[in-house]
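Below is entry_34.cif, which holds mmCIF, C-alpha atoms and all ligand atoms.
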```cif
data_structure
loop_
_atom_site.group_PDB
_atom_site.id
_atom_site.type_symbol
_atom_site.label_atom_id
_atom_site.label_comp_id
_atom_site.auth_asym_id
_atom_site.auth_seq_id
_atom_site.Cartn_x
_atom_site.Cartn_y
_atom_site.Cartn_z
ATOM 1 C CA MET A 1 0.000 0.000 0.000
ATOM 2 C CA THR A 2 1.361 3.467 -0.861
ATOM 3 C CA LYS A 3 1.913 5.652 2.204
ATOM 4 C CA ALA A 4 -0.041 8.929 2.130
ATOM 5 C CA GLN A 5 2.295 11.854 1.544
ATOM 6 C CA PRO A 6 1.898 15.227 3.268
ATOM 7 C CA ALA A 7 -0.072 17.745 1.194
ATOM 8 C CA THR A 8 1.963 20.484 -0.469
ATOM 9 C CA ARG A 9 0.741 23.992 -1.300
ATOM 10 C CA PHE A 10 3.472 25.398 -3.512
ATOM 11 C CA ILE A 11 5.110 22.315 -4.981
ATOM 12 C CA ARG A 12 3.270 19.972 -7.273
ATOM 13 C CA VAL A 13 4.586 16.448 -6.838
ATOM 14 C CA ASP A 14 3.963 14.070 -9.699
ATOM 15 C CA ALA A 15 5.063 10.501 -9.188
ATOM 16 C CA PRO A 16 6.881 9.116 -12.222
ATOM 17 C CA PRO A 17 4.936 10.158 -15.324
ATOM 18 C CA ASP A 18 4.017 7.240 -17.599
ATOM 19 C CA GLY A 19 7.076 5.655 -19.120
ATOM 20 C CA HIS A 20 9.465 7.441 -16.737
ATOM 21 C CA ASP A 21 9.865 4.941 -13.908
ATOM 22 C CA GLY A 22 12.065 6.206 -11.122
ATOM 23 C CA VAL A 23 11.902 9.854 -12.220
ATOM 24 C CA ALA A 24 9.952 12.204 -9.959
ATOM 25 C CA LEU A 25 8.600 15.438 -11.361
ATOM 26 C CA LEU A 26 8.410 18.482 -9.075
ATOM 27 C CA THR A 27 6.802 21.734 -10.182
ATOM 28 C CA LEU A 28 7.222 25.132 -8.517
ATOM 29 C CA ASP A 29 3.596 26.106 -8.509
ATOM 30 C CA ARG A 30 3.018 29.854 -8.134
ATOM 31 C CA PRO A 31 2.590 30.829 -11.787
ATOM 32 C CA ALA A 32 0.760 34.099 -10.983
ATOM 33 C CA ALA A 33 3.950 35.313 -9.261
ATOM 34 C CA LEU A 34 6.240 33.741 -11.888
ATOM 35 C CA ASN A 35 6.955 30.989 -9.334
ATOM 36 C CA ALA A 36 8.686 33.429 -6.966
ATOM 37 C CA LEU A 37 10.445 31.529 -4.209
ATOM 38 C CA SER A 38 8.816 32.305 -0.888
ATOM 39 C CA PHE A 39 10.450 30.837 2.194
ATOM 40 C CA ASP A 40 7.521 28.447 2.649
ATOM 41 C CA LEU A 41 7.815 27.267 -0.949
ATOM 42 C CA LEU A 42 11.522 26.567 -0.474
ATOM 43 C CA ASP A 43 10.876 24.707 2.784
ATOM 44 C CA GLU A 44 8.301 22.549 1.040
ATOM 45 C CA LEU A 45 10.675 21.902 -1.830
ATOM 46 C CA ALA A 46 13.450 20.794 0.516
ATOM 47 C CA ASP A 47 11.017 18.580 2.442
ATOM 48 C CA VAL A 48 9.800 16.867 -0.720
ATOM 49 C CA MET A 49 13.307 16.428 -2.110
ATOM 50 C CA THR A 50 14.540 14.985 1.181
ATOM 51 C CA ARG A 51 11.639 12.550 1.250
ATOM 52 C CA LEU A 52 12.338 11.414 -2.330
ATOM 53 C CA ASP A 53 16.031 11.130 -1.501
ATOM 54 C CA ARG A 54 15.204 8.587 1.182
ATOM 55 C CA ASP A 55 12.357 6.637 -0.407
ATOM 56 C CA GLY A 56 14.636 4.082 -2.057
ATOM 57 C CA THR A 57 12.714 4.063 -5.347
ATOM 58 C CA THR A 58 13.243 7.506 -6.865
ATOM 59 C CA ARG A 59 16.354 7.601 -9.028
ATOM 60 C CA ALA A 60 16.258 11.130 -10.443
ATOM 61 C CA VAL A 61 14.266 14.317 -9.932
ATOM 62 C CA VAL A 62 13.165 16.793 -12.582
ATOM 63 C CA LEU A 63 12.358 20.253 -11.226
ATOM 64 C CA THR A 64 10.386 22.710 -13.318
ATOM 65 C CA GLY A 65 8.173 25.780 -13.009
ATOM 66 C CA ALA A 66 4.426 25.970 -13.577
ATOM 67 C CA GLY A 67 3.275 27.799 -16.684
ATOM 68 C CA THR A 68 5.324 28.855 -19.641
ATOM 69 C CA ARG A 69 6.773 32.177 -18.445
ATOM 70 C CA ALA A 70 9.202 31.234 -15.711
ATOM 71 C CA PHE A 71 11.144 28.561 -13.918
ATOM 72 C CA ALA A 72 11.295 31.070 -11.050
ATOM 73 C CA ALA A 73 11.695 34.863 -11.218
ATOM 74 C CA GLY A 74 13.647 34.939 -7.973
ATOM 75 C CA ALA A 75 13.043 35.120 -4.271
ATOM 76 C CA ASP A 76 9.661 36.567 -3.358
ATOM 77 C CA ILE A 77 10.503 40.251 -3.278
ATOM 78 C CA THR A 78 7.396 41.154 -1.274
ATOM 79 C CA GLU A 79 8.656 38.848 1.480
ATOM 80 C CA LEU A 80 12.301 39.934 1.245
ATOM 81 C CA ALA A 81 11.324 43.596 1.452
ATOM 82 C CA ALA A 82 10.372 43.177 5.119
ATOM 83 C CA GLN A 83 13.664 41.557 6.212
ATOM 84 C CA THR A 84 16.412 42.914 8.466
ATOM 85 C CA PRO A 85 19.906 41.495 9.022
ATOM 86 C CA GLU A 86 18.852 40.368 12.514
ATOM 87 C CA ARG A 87 15.748 38.585 11.281
ATOM 88 C CA LEU A 88 17.574 36.921 8.396
ATOM 89 C CA THR A 89 20.222 35.671 10.800
ATOM 90 C CA SER A 90 18.007 34.574 13.671
ATOM 91 C CA GLU A 91 15.239 32.905 11.677
ATOM 92 C CA GLY A 92 17.694 30.738 9.730
ATOM 93 C CA ARG A 93 15.458 30.501 6.694
ATOM 94 C CA PHE A 94 18.360 30.404 4.273
ATOM 95 C CA ASP A 95 19.408 27.057 5.793
ATOM 96 C CA VAL A 96 16.942 25.512 3.370
ATOM 97 C CA TRP A 97 19.471 26.037 0.573
ATOM 98 C CA ASP A 98 21.897 23.723 2.372
ATOM 99 C CA ARG A 99 19.170 21.080 2.610
ATOM 100 C CA ILE A 100 18.564 21.276 -1.140
ATOM 101 C CA TRP A 101 22.298 21.102 -1.843
ATOM 102 C CA ALA A 102 22.588 18.032 0.406
ATOM 103 C CA VAL A 103 20.150 15.961 -1.664
ATOM 104 C CA GLY A 104 22.028 12.938 -3.011
ATOM 105 C CA LEU A 105 19.676 12.152 -5.913
ATOM 106 C CA PRO A 106 20.532 13.651 -9.289
ATOM 107 C CA LEU A 107 18.478 16.818 -9.832
ATOM 108 C CA ILE A 108 17.633 18.128 -13.287
ATOM 109 C CA ALA A 109 16.256 21.643 -13.735
ATOM 110 C CA ALA A 110 13.903 22.023 -16.715
ATOM 111 C CA VAL A 111 13.904 25.778 -17.378
ATOM 112 C CA ARG A 112 11.430 27.704 -19.488
ATOM 113 C CA GLY A 113 11.374 31.485 -19.351
ATOM 114 C CA TYR A 114 12.914 33.364 -16.436
ATOM 115 C CA ALA A 115 15.404 31.811 -14.034
ATOM 116 C CA LEU A 116 16.438 34.942 -12.182
ATOM 117 C CA GLY A 117 18.029 35.673 -8.827
ATOM 118 C CA GLY A 118 17.058 32.877 -6.450
ATOM 119 C CA GLY A 119 15.531 31.107 -9.470
ATOM 120 C CA CYS A 120 18.900 30.990 -11.204
ATOM 121 C CA GLU A 121 20.481 29.946 -7.904
ATOM 122 C CA LEU A 122 17.947 27.145 -7.568
ATOM 123 C CA ALA A 123 18.643 25.917 -11.109
ATOM 124 C CA MET A 124 22.365 25.993 -10.276
ATOM 125 C CA SER A 125 21.674 23.952 -7.131
ATOM 126 C CA CYS A 126 20.543 21.202 -9.485
ATOM 127 C CA ASP A 127 23.086 18.977 -11.212
ATOM 128 C CA LEU A 128 21.992 19.528 -14.806
ATOM 129 C CA ILE A 129 20.046 22.304 -16.495
ATOM 130 C CA VAL A 130 17.972 21.673 -19.605
ATOM 131 C CA ALA A 131 16.804 24.981 -21.063
ATOM 132 C CA GLY A 132 14.130 25.969 -23.514
ATOM 133 C CA GLU A 133 15.057 28.400 -26.260
ATOM 134 C CA ASP A 134 13.003 31.003 -24.359
ATOM 135 C CA ALA A 135 14.996 30.660 -21.113
ATOM 136 C CA ARG A 136 16.683 33.675 -19.525
ATOM 137 C CA PHE A 137 19.203 33.358 -16.737
ATOM 138 C CA GLY A 138 20.572 36.094 -14.535
ATOM 139 C CA GLN A 139 21.268 37.541 -11.133
ATOM 140 C CA PRO A 140 19.442 40.889 -11.214
ATOM 141 C CA GLU A 141 19.467 41.473 -7.428
ATOM 142 C CA ILE A 142 21.746 44.507 -7.836
ATOM 143 C CA ARG A 143 18.817 46.312 -9.468
ATOM 144 C CA ILE A 144 16.763 46.026 -6.305
ATOM 145 C CA GLY A 145 19.536 47.165 -3.980
ATOM 146 C CA VAL A 146 21.114 43.885 -2.954
ATOM 147 C CA MET A 147 23.235 41.066 -4.416
ATOM 148 C CA PRO A 148 22.913 37.298 -4.868
ATOM 149 C CA GLY A 149 22.521 35.555 -1.507
ATOM 150 C CA ALA A 150 21.845 31.892 -2.212
ATOM 151 C CA GLY A 151 25.001 30.885 -4.023
ATOM 152 C CA GLY A 152 24.917 33.100 -7.120
ATOM 153 C CA THR A 153 28.298 34.757 -6.664
ATOM 154 C CA GLN A 154 29.950 31.379 -6.122
ATOM 155 C CA ARG A 155 28.113 28.956 -8.404
ATOM 156 C CA LEU A 156 27.617 31.296 -11.350
ATOM 157 C CA THR A 157 31.303 32.228 -11.193
ATOM 158 C CA ARG A 158 32.325 28.577 -11.186
ATOM 159 C CA ALA A 159 29.907 27.789 -14.023
ATOM 160 C CA VAL A 160 30.617 30.656 -16.426
ATOM 161 C CA GLY A 161 33.918 32.152 -15.225
ATOM 162 C CA THR A 162 34.760 35.308 -13.310
ATOM 163 C CA ALA A 163 34.555 37.780 -16.184
ATOM 164 C CA ARG A 164 31.050 36.907 -17.305
ATOM 165 C CA ALA A 165 29.739 36.323 -13.769
ATOM 166 C CA MET A 166 31.076 39.692 -12.656
ATOM 167 C CA GLU A 167 29.385 41.422 -15.565
ATOM 168 C CA LEU A 168 26.069 39.639 -15.027
ATOM 169 C CA ILE A 169 26.043 40.267 -11.286
ATOM 170 C CA LEU A 170 27.185 43.904 -11.381
ATOM 171 C CA THR A 171 24.856 44.930 -14.213
ATOM 172 C CA GLY A 172 21.896 42.605 -13.658
ATOM 173 C CA ARG A 173 21.952 41.693 -17.357
ATOM 174 C CA THR A 174 20.295 38.396 -18.267
ATOM 175 C CA MET A 175 21.629 35.681 -20.596
ATOM 176 C CA ASP A 176 19.523 33.889 -23.163
ATOM 177 C CA ALA A 177 19.629 30.114 -23.484
ATOM 178 C CA ALA A 178 22.213 30.087 -26.266
ATOM 179 C CA GLU A 179 24.628 32.243 -24.265
ATOM 180 C CA ALA A 180 24.049 30.160 -21.131
ATOM 181 C CA ARG A 181 24.814 27.020 -23.131
ATOM 182 C CA ALA A 182 27.941 28.487 -24.682
ATOM 183 C CA ALA A 183 29.082 29.709 -21.249
ATOM 184 C CA GLY A 184 28.733 26.245 -19.724
ATOM 185 C CA LEU A 185 25.780 26.855 -17.401
ATOM 186 C CA VAL A 186 23.323 24.730 -19.344
ATOM 187 C CA THR A 187 23.597 21.140 -20.534
ATOM 188 C CA ARG A 188 21.138 21.267 -23.426
ATOM 189 C CA VAL A 189 18.927 23.778 -25.198
ATOM 190 C CA VAL A 190 15.745 22.534 -26.859
ATOM 191 C CA PRO A 191 12.586 24.135 -28.279
ATOM 192 C CA ALA A 192 10.622 25.628 -25.377
ATOM 193 C CA ASP A 193 7.720 23.191 -25.505
ATOM 194 C CA GLU A 194 10.087 20.220 -25.468
ATOM 195 C CA VAL A 195 11.945 21.129 -22.266
ATOM 196 C CA LEU A 196 10.063 18.903 -19.917
ATOM 197 C CA GLU A 197 10.225 15.869 -22.182
ATOM 198 C CA ALA A 198 13.957 16.430 -22.746
ATOM 199 C CA ALA A 199 14.588 16.712 -19.004
ATOM 200 C CA LEU A 200 12.536 13.594 -18.290
ATOM 201 C CA ALA A 201 14.414 11.708 -21.015
ATOM 202 C CA LEU A 202 17.692 12.725 -19.396
ATOM 203 C CA GLY A 203 16.221 11.587 -16.066
ATOM 204 C CA ASP A 204 15.361 8.221 -17.636
ATOM 205 C CA VAL A 205 18.925 7.661 -18.747
ATOM 206 C CA ILE A 206 20.298 8.493 -15.297
ATOM 207 C CA ALA A 207 17.559 6.477 -13.574
ATOM 208 C CA SER A 208 18.638 3.447 -15.611
ATOM 209 C CA MET A 209 22.158 3.621 -14.152
ATOM 210 C CA PRO A 210 23.268 1.915 -10.907
ATOM 211 C CA PRO A 211 21.974 4.233 -8.158
ATOM 212 C CA LEU A 212 24.869 3.952 -5.700
ATOM 213 C CA ALA A 213 27.380 4.758 -8.425
ATOM 214 C CA VAL A 214 25.214 7.691 -9.564
ATOM 215 C CA ARG A 215 25.154 9.177 -6.070
ATOM 216 C CA ALA A 216 28.870 8.612 -5.550
ATOM 217 C CA ALA A 217 29.687 10.189 -8.909
ATOM 218 C CA LYS A 218 27.460 13.210 -8.221
ATOM 219 C CA ARG A 219 29.215 13.747 -4.893
ATOM 220 C CA ALA A 220 32.638 13.425 -6.480
ATOM 221 C CA VAL A 221 31.905 15.830 -9.346
ATOM 222 C CA ARG A 222 30.665 18.412 -6.855
ATOM 223 C CA GLN A 223 33.850 17.981 -4.860
ATOM 224 C CA ALA A 224 35.755 19.143 -7.933
ATOM 225 C CA GLU A 225 34.464 22.604 -7.113
ATOM 226 C CA GLU A 226 34.888 22.369 -3.384
ATOM 227 C CA LEU A 227 38.232 20.645 -2.815
ATOM 228 C CA PRO A 228 41.807 21.312 -3.875
ATOM 229 C CA LEU A 229 42.828 18.948 -6.709
ATOM 230 C CA ARG A 230 44.856 16.542 -4.587
ATOM 231 C CA ALA A 231 42.057 16.126 -2.023
ATOM 232 C CA GLY A 232 39.493 15.764 -4.802
ATOM 233 C CA LEU A 233 41.530 13.044 -6.468
ATOM 234 C CA GLN A 234 41.884 11.199 -3.159
ATOM 235 C CA ALA A 235 38.153 11.468 -2.502
ATOM 236 C CA GLU A 236 37.410 10.183 -5.992
ATOM 237 C CA ARG A 237 39.698 7.185 -5.550
ATOM 238 C CA ALA A 238 38.161 6.331 -2.169
ATOM 239 C CA ALA A 239 34.665 6.525 -3.652
ATOM 240 C CA PHE A 240 35.719 4.372 -6.624
ATOM 241 C CA PHE A 241 37.188 1.725 -4.298
ATOM 242 C CA GLU A 242 34.039 1.716 -2.150
ATOM 243 C CA LEU A 243 31.874 0.856 -5.136
ATOM 244 C CA PHE A 244 33.713 -2.476 -5.332
ATOM 245 C CA ALA A 245 31.758 -3.474 -2.224
ATOM 246 C CA THR A 246 28.476 -3.225 -4.151
ATOM 247 C CA ASP A 247 26.439 -5.907 -5.887
ATOM 248 C CA ASP A 248 25.956 -3.514 -8.784
ATOM 249 C CA GLN A 249 29.690 -3.389 -9.476
ATOM 250 C CA ARG A 250 29.789 -7.177 -9.708
ATOM 251 C CA GLU A 251 26.618 -7.261 -11.772
ATOM 252 C CA GLY A 252 27.737 -4.507 -14.143
ATOM 253 C CA MET A 253 31.069 -6.124 -14.915
ATOM 254 C CA ARG A 254 29.640 -9.639 -15.097
ATOM 255 C CA ALA A 255 26.904 -8.460 -17.475
ATOM 256 C CA PHE A 256 29.524 -6.820 -19.688
ATOM 257 C CA MET A 257 31.517 -10.042 -19.876
ATOM 258 C CA GLU A 258 28.394 -12.121 -20.478
ATOM 259 C CA LYS A 259 27.296 -9.696 -23.193
ATOM 260 C CA ARG A 260 23.892 -8.982 -21.607
ATOM 261 C CA ALA A 261 22.159 -5.964 -20.069
ATOM 262 C CA PRO A 262 22.841 -5.472 -16.347
ATOM 263 C CA ALA A 263 20.035 -5.770 -13.786
ATOM 264 C CA TRP A 264 20.762 -3.267 -11.025
ATOM 265 C CA THR A 265 19.592 -3.864 -7.468
ATOM 266 C CA GLY A 266 20.868 -0.651 -5.925
ATOM 267 C CA ARG A 267 22.953 -2.612 -3.449
HETATM 268 N N1 LIG A 301 8.857 38.250 -6.281
HETATM 269 C C1 LIG A 301 7.533 38.475 -6.122
HETATM 270 N N2 LIG A 301 6.681 38.647 -7.150
HETATM 271 C C2 LIG A 301 7.179 38.576 -8.379
HETATM 272 C C3 LIG A 301 8.548 38.346 -8.624
HETATM 273 C C4 LIG A 301 9.410 38.178 -7.500
HETATM 274 N N3 LIG A 301 10.732 37.896 -7.638
HETATM 275 N N4 LIG A 301 8.774 38.337 -9.961
HETATM 276 C C5 LIG A 301 7.564 38.569 -10.534
HETATM 277 N N5 LIG A 301 6.619 38.690 -9.593
HETATM 278 C C6 LIG A 301 5.186 38.955 -9.796
HETATM 279 C C7 LIG A 301 4.932 40.382 -10.218
HETATM 280 O O1 LIG A 301 4.881 41.239 -9.092
HETATM 281 C C8 LIG A 301 3.609 40.255 -10.923
HETATM 282 O O2 LIG A 301 2.592 40.143 -9.964
HETATM 283 P P1 LIG A 301 1.190 40.950 -10.171
HETATM 284 O O3 LIG A 301 0.616 40.379 -11.429
HETATM 285 O O4 LIG A 301 0.420 40.612 -8.944
HETATM 286 O O5 LIG A 301 1.559 42.390 -10.305
HETATM 287 C C9 LIG A 301 3.711 38.897 -11.605
HETATM 288 O O6 LIG A 301 4.732 38.186 -10.906
HETATM 289 C C10 LIG A 301 4.112 38.993 -13.069
HETATM 290 O O7 LIG A 301 5.309 39.734 -13.143
HETATM 291 P P2 LIG A 301 5.471 41.048 -14.050
HETATM 292 O O8 LIG A 301 4.144 41.712 -14.229
HETATM 293 O O9 LIG A 301 6.558 41.870 -13.465
HETATM 294 O O10 LIG A 301 5.884 40.383 -15.425
HETATM 295 P P3 LIG A 301 6.783 41.054 -16.566
HETATM 296 O O11 LIG A 301 6.690 40.139 -17.734
HETATM 297 O O12 LIG A 301 6.427 42.484 -16.758
HETATM 298 O O13 LIG A 301 8.282 41.012 -15.990
HETATM 299 C C11 LIG A 301 10.176 40.026 -14.887
HETATM 300 C C12 LIG A 301 8.894 39.768 -15.723
HETATM 301 C C13 LIG A 301 11.197 40.768 -15.738
HETATM 302 C C14 LIG A 301 10.738 38.661 -14.507
HETATM 303 C C15 LIG A 301 9.813 40.855 -13.644
HETATM 304 O O14 LIG A 301 8.717 40.240 -12.987
HETATM 305 C C16 LIG A 301 10.925 40.975 -12.657
HETATM 306 O O15 LIG A 301 11.845 41.753 -12.859
HETATM 307 N N6 LIG A 301 10.857 40.212 -11.531
HETATM 308 C C17 LIG A 301 11.821 40.288 -10.472
HETATM 309 C C18 LIG A 301 13.145 39.652 -10.867
HETATM 310 C C19 LIG A 301 14.146 39.798 -9.742
HETATM 311 O O16 LIG A 301 14.554 40.882 -9.396
HETATM 312 N N7 LIG A 301 14.560 38.650 -9.161
HETATM 313 C C20 LIG A 301 15.489 38.643 -8.077
HETATM 314 C C21 LIG A 301 14.753 38.700 -6.759
HETATM 315 S S1 LIG A 301 15.822 38.849 -5.377
HETATM 316 C C22 LIG A 301 16.447 37.310 -5.181
HETATM 317 O O17 LIG A 301 16.121 36.391 -5.879
HETATM 318 C C23 LIG A 301 17.390 37.137 -4.062
HETATM 319 C C24 LIG A 301 17.748 35.675 -3.855
HETATM 320 C C25 LIG A 301 18.256 35.463 -2.472
HETATM 321 C C26 LIG A 301 18.088 34.064 -1.967
HETATM 322 C C27 LIG A 301 16.701 33.478 -2.004
HETATM 323 C C28 LIG A 301 16.048 33.439 -0.634
HETATM 324 C C29 LIG A 301 14.617 32.900 -0.613
#
```
Take the structure in this file and express it as structure tokens.
Ligand code: CO8
Amino acid sequence: MTKAQPATRFIRVDAPPDGHDGVALLTLDRPAALNALSFDLLDELADVMTRLDRDGTTRAVVLTGAGTRAFAAGADITELAAQTPERLTSEGRFDVWDRIWAVGLPLIAAVRGYALGGGCELAMSCDLIVAGEDARFGQPEIRIGVMPGAGGTQRLTRAVGTARAMELILTGRTMDAAEARAAGLVTRVVPADEVLEAALALGDVIASMPPLAVRAAKRAVRQAEELPLRAGLQAERAAFFELFATDDQREGMRAFMEKRAPAWTGR
């Protein structure tokens, strides 16, 4: 029997769409506000992602925005407008970004329209970004008197390089999908109405891989941006060695030698 899941207000949770076993589809669902990221929405998103991360059956997550105009046009400015440094510090509501970053499942952002400010930061908190030709990425916070606060100065810089990140962040200019692809932020650009299907197809491919190796590889690739080279190489080698304690390593190599498709167990 399927366990009842807590109701969500701002995140639509669709269990694997037909033909996409193991791929969960999450939708930021505030289209009237261009899916602006309120604190409650982000908390819900982190809760759902954490639940999927632990359920043992989900293999990949596709995250998209409701409607055709935006993935997310940023943090909810009406909510941010009332903040003070003391409140931001004491209420700890930015901790939610660490919870999203800690998710071990592969996360794929399917971006149509605006991915701005916190919306761009959320897409960059995913592991892969598939963009529609109508996508626009940017960190326009400077235009409303602040700066990126959920990873934009760090992740955008790592993704597109200092020169372009500096320009985008200091001017608030946005990039179209082609520029974001050329700059290395985006994995694939497809016609706007094909974004979701392309992201789900990418999810299918990843979901068909051995799950422990997928998680270990995701962790290791992220460490490339967090660790000095020598430490990253050591961490990679340790993770590689650990996979030799898994059934899936034995199965994968045996299947290769027996010239058949592997049957993963996730153990
Ligand atoms: N917050 C709240 N409401 C928003 C936001 C937003 N970020 N973006 C759009 N909306 C609302 C509009 O107010 C409008 O509502 P209404 O219909 O009730 O007036 C509706 O969405 C549609 O928007 P527009 O009418 O403005 O649509 P346009 O097509 O004219 O313009 C734009 C689209 C260019 C995307 C425009 O809406 C815009 O500039 N939005 C703000 C973009 C922005 O500055 N984003 C950065 C926000 S700050 C931030 O993200 C900081 C991140 C820090 C960490 C995150 C912590 C949670």
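Using all atoms listed in the file for every distance, the candidate list A:Leu229, A:Ala238, A:Ile77, A:Ala261 yields A:Ile77 as the residue closest to ligand LIG 301 (chain A).
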Taking the file as I've supplied it (selection: the PyMOL selection byres (((chain A and resi 151) around 10) and not hetatm)), which residues are included? Please answer as a CSV table (one decimal) with C-alpha atoms, in the frame of the given file.
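What follows is the written file selection07.csv:
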```csv
chain,number,residue,atom,x,y,z
A,97,TRP,CA,19.5,26.0,0.6
A,117,GLY,CA,18.0,35.7,-8.8
A,118,GLY,CA,17.1,32.9,-6.4
A,120,CYS,CA,18.9,31.0,-11.2
A,121,GLU,CA,20.5,29.9,-7.9
A,122,LEU,CA,17.9,27.1,-7.6
A,124,MET,CA,22.4,26.0,-10.3
A,125,SER,CA,21.7,24.0,-7.1
A,148,PRO,CA,22.9,37.3,-4.9
A,149,GLY,CA,22.5,35.6,-1.5
A,150,ALA,CA,21.8,31.9,-2.2
A,152,GLY,CA,24.9,33.1,-7.1
A,153,THR,CA,28.3,34.8,-6.7
A,154,GLN,CA,30.0,31.4,-6.1
A,155,ARG,CA,28.1,29.0,-8.4
A,156,LEU,CA,27.6,31.3,-11.4
A,157,THR,CA,31.3,32.2,-11.2
```
Around all the atoms of range 22-40 of chain A listed in the file, with 5 Å of room on each side, what axis-aligned box do you get, giving centre and edge lengths in Å to one decimal, as AutoDock Vina command-line options?
```
--center_x 6.4 --center_y 20.8 --center_z -4.8 --size_x 21.3 --size_y 39.1 --size_z 24.9
```
List all protein, DNA and RNA residues that have any atom at most 6 Å from ligand LIG 301 (chain A), counting all atoms listed in the file, and write the list as a PDB file with C-alpha atoms, in the coordinates of the input.
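After the write, selection.pdb holds the following:
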```
ATOM      1  CA  ALA A  32       0.760  34.099 -10.983  1.00  0.00           C
ATOM      2  CA  ALA A  33       3.950  35.313  -9.261  1.00  0.00           C
ATOM      3  CA  LEU A  34       6.240  33.741 -11.888  1.00  0.00           C
ATOM      4  CA  ALA A  36       8.686  33.429  -6.966  1.00  0.00           C
ATOM      5  CA  LEU A  37      10.445  31.529  -4.209  1.00  0.00           C
ATOM      6  CA  SER A  38       8.816  32.305  -0.888  1.00  0.00           C
ATOM      7  CA  PHE A  39      10.450  30.837   2.194  1.00  0.00           C
ATOM      8  CA  ALA A  73      11.695  34.863 -11.218  1.00  0.00           C
ATOM      9  CA  GLY A  74      13.647  34.939  -7.973  1.00  0.00           C
ATOM     10  CA  ALA A  75      13.043  35.120  -4.271  1.00  0.00           C
ATOM     11  CA  ASP A  76       9.661  36.567  -3.358  1.00  0.00           C
ATOM     12  CA  ILE A  77      10.503  40.251  -3.278  1.00  0.00           C
ATOM     13  CA  THR A  78       7.396  41.154  -1.274  1.00  0.00           C
ATOM     14  CA  LEU A 116      16.438  34.942 -12.182  1.00  0.00           C
ATOM     15  CA  GLY A 117      18.029  35.673  -8.827  1.00  0.00           C
ATOM     16  CA  GLY A 118      17.058  32.877  -6.450  1.00  0.00           C
ATOM     17  CA  PRO A 140      19.442  40.889 -11.214  1.00  0.00           C
ATOM     18  CA  GLU A 141      19.467  41.473  -7.428  1.00  0.00           C
ATOM     19  CA  PRO A 148      22.913  37.298  -4.868  1.00  0.00           C
ATOM     20  CA  GLY A 149      22.521  35.555  -1.507  1.00  0.00           C
ATOM     21  CA  ALA A 150      21.845  31.892  -2.212  1.00  0.00           C
TER      22      ALA A 150
END
```
Nearby residues (only C-alpha atoms) at most 6 Å from range 210-227 of chain A, same-chain spacing under 4 positions excluded, as a PyMOL selection string
chain A and resi 104+231-232+236+264+266
Which neighbours of range 89-93 of chain A fall inside 12 Å, counting all atoms listed in the file, when residues of the same chain fewer than 3 positions from it are skipped, and could you give them as a PyMOL selection string?
chain A and resi 38-43+46+79-80+83-86+96-99+149-150
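Take the candidates A:Val61, A:Ala178, A:Val23, A:Leu105 and check each one against Val190 in chain A using only C-alpha atoms; the shortest distance goes to A:Ala178.
With all atoms listed in the file as the basis for measurement, A:Ile206 is the residue among A:Ile129, A:Ile206, A:Ala15, A:Val195 that approaches Pro106 in chain A most closely.
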Can you pull out every residue within 9 Å of Gly22 in chain A, counting all atoms listed in the file, but drop anything in the same chain fewer than 5 positions away, and send it as JSON, numbers by chain?
{"A": [15, 16, 57, 58, 59, 60, 61, 203, 204, 207, 208]}
Name all residues at most 9 Å from Ile142 in chain A (count all atoms listed in the file; drop same-chain ones fewer than 2 positions away) and give them as a list in words.
Gln139, Pro140, Ile144, Gly145, Val146, Met147, Pro148, Ile169, Leu170, Thr171 and Gly172 of chain A
I'd like the interatomic distance between CA of Leu45 in chain A and CA of Glu197 in chain A, to a tenth of an Å.
21.2 Å
